[in-house]
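See structure below.
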Amino acid sequence: MAVLVAVEVPGQTPEGYDAMLKGLEPLIRSAPGFICHSAYSDNGTWRVLEMWESNQAATDFFSRYVHPNLPPGIKPRRELHELHSCVLPSGRMRSNA
């Protein structure tokens with residue numbers, strides 16, 4: 001079942017995020033179950049949204065690649081939400097209906 005991962009990262013900076021993404025982007029692009037990733041700053045709090053094909057795929061990637069590379073003092077708060085549907089380009093569609 002597809003999931004949305006909503007992450008709040010207090011204390012993260014654009015430079016810190018960019019440095020992490022630089023190292024993680026090739027890994028996440030080829031990660032099993034990865035659908036998409038986005039990030040933005042909201043009044044000084046960094047937020048990340050990802051979609052994955054399953055909770056397990058999202059958790060495995062975070063545990064293996066993100067958590068060990070977090071800068072000191074950065075503690076993301078993650079929430080995983082099961083999606084009812086996920087429509088993708090090129091005719092690919094994930095749906096729980």
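Ordered as shown in the structure tokens, chains take letters A, B, and onward, while each chain numbers its residues from 1 and ligands are numbered from 1 in the order shown.
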
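Summary of the local environment: counting only C-alpha atoms, residues at most 8 Å from Leu4 in chain A, other than itself and those fewer than 3 positions away along its chain, are Leu49, Glu50, Met51, Trp52, Leu80, His81, Glu82 and Leu83 of chain A.
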
Keeping only C-alpha atoms, write the selected residues to a file as a PDB file, in the first residue's frame.
ATOM      1  CA  LEU A  49       7.237  14.996   1.699  1.00  0.00           C
ATOM      2  CA  GLU A  50       7.892  11.615   0.098  1.00  0.00           C
ATOM      3  CA  MET A  51       5.773   8.943  -1.483  1.00  0.00           C
ATOM      4  CA  TRP A  52       6.753   5.299  -1.318  1.00  0.00           C
ATOM      5  CA  LEU A  80       3.558   7.882   7.620  1.00  0.00           C
ATOM      6  CA  HIS A  81       0.079   7.950   6.114  1.00  0.00           C
ATOM      7  CA  GLU A  82      -1.429   5.164   4.009  1.00  0.00           C
ATOM      8  CA  LEU A  83      -2.738   6.593   0.752  1.00  0.00           C
TER       9      LEU A  83
END

Can you list every residue in chain A that DSSP puts in strand (DSSP E or B), as a ChimeraX atom specification?
/A:3-9,34-42,45-52,77-82,85-87,93-95

List the spatial neighbours of Ala39 in chain A as a VMD selection string - criterion: any atom at most 10 Å away, only C-alpha atoms, same-chain residues fewer than 4 positions off excluded.
chain A and resid 6 to 8 14 17 46 to 50

Using C-alpha atoms, can you write the selected residues to a file as a PDB file, in the first residue's frame?
ATOM      1  CA  ALA A   6       5.523  13.777   6.060  1.00  0.00           C
ATOM      2  CA  VAL A   7       8.648  14.933   7.869  1.00  0.00           C
ATOM      3  CA  GLU A   8       9.212  18.023   9.990  1.00  0.00           C
ATOM      4  CA  PRO A  14      18.712  24.966   3.328  1.00  0.00           C
ATOM      5  CA  TYR A  17      19.321  19.915   3.447  1.00  0.00           C
ATOM      6  CA  TRP A  46      12.166  22.371   6.999  1.00  0.00           C
ATOM      7  CA  ARG A  47       9.521  19.957   5.702  1.00  0.00           C
ATOM      8  CA  VAL A  48       9.975  16.924   3.497  1.00  0.00           C
ATOM      9  CA  LEU A  49       7.237  14.996   1.699  1.00  0.00           C
ATOM     10  CA  GLU A  50       7.892  11.615   0.098  1.00  0.00           C
TER      11      GLU A  50
END

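For the atom pair formed by CA of Val3 in chain A and CA of Gly73 in chain A, the distance is 26.9 Å, given to one decimal.
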
note - CA of Ile74 in chain A and CA of Gln12 in chain A are separated by 6.6 Å
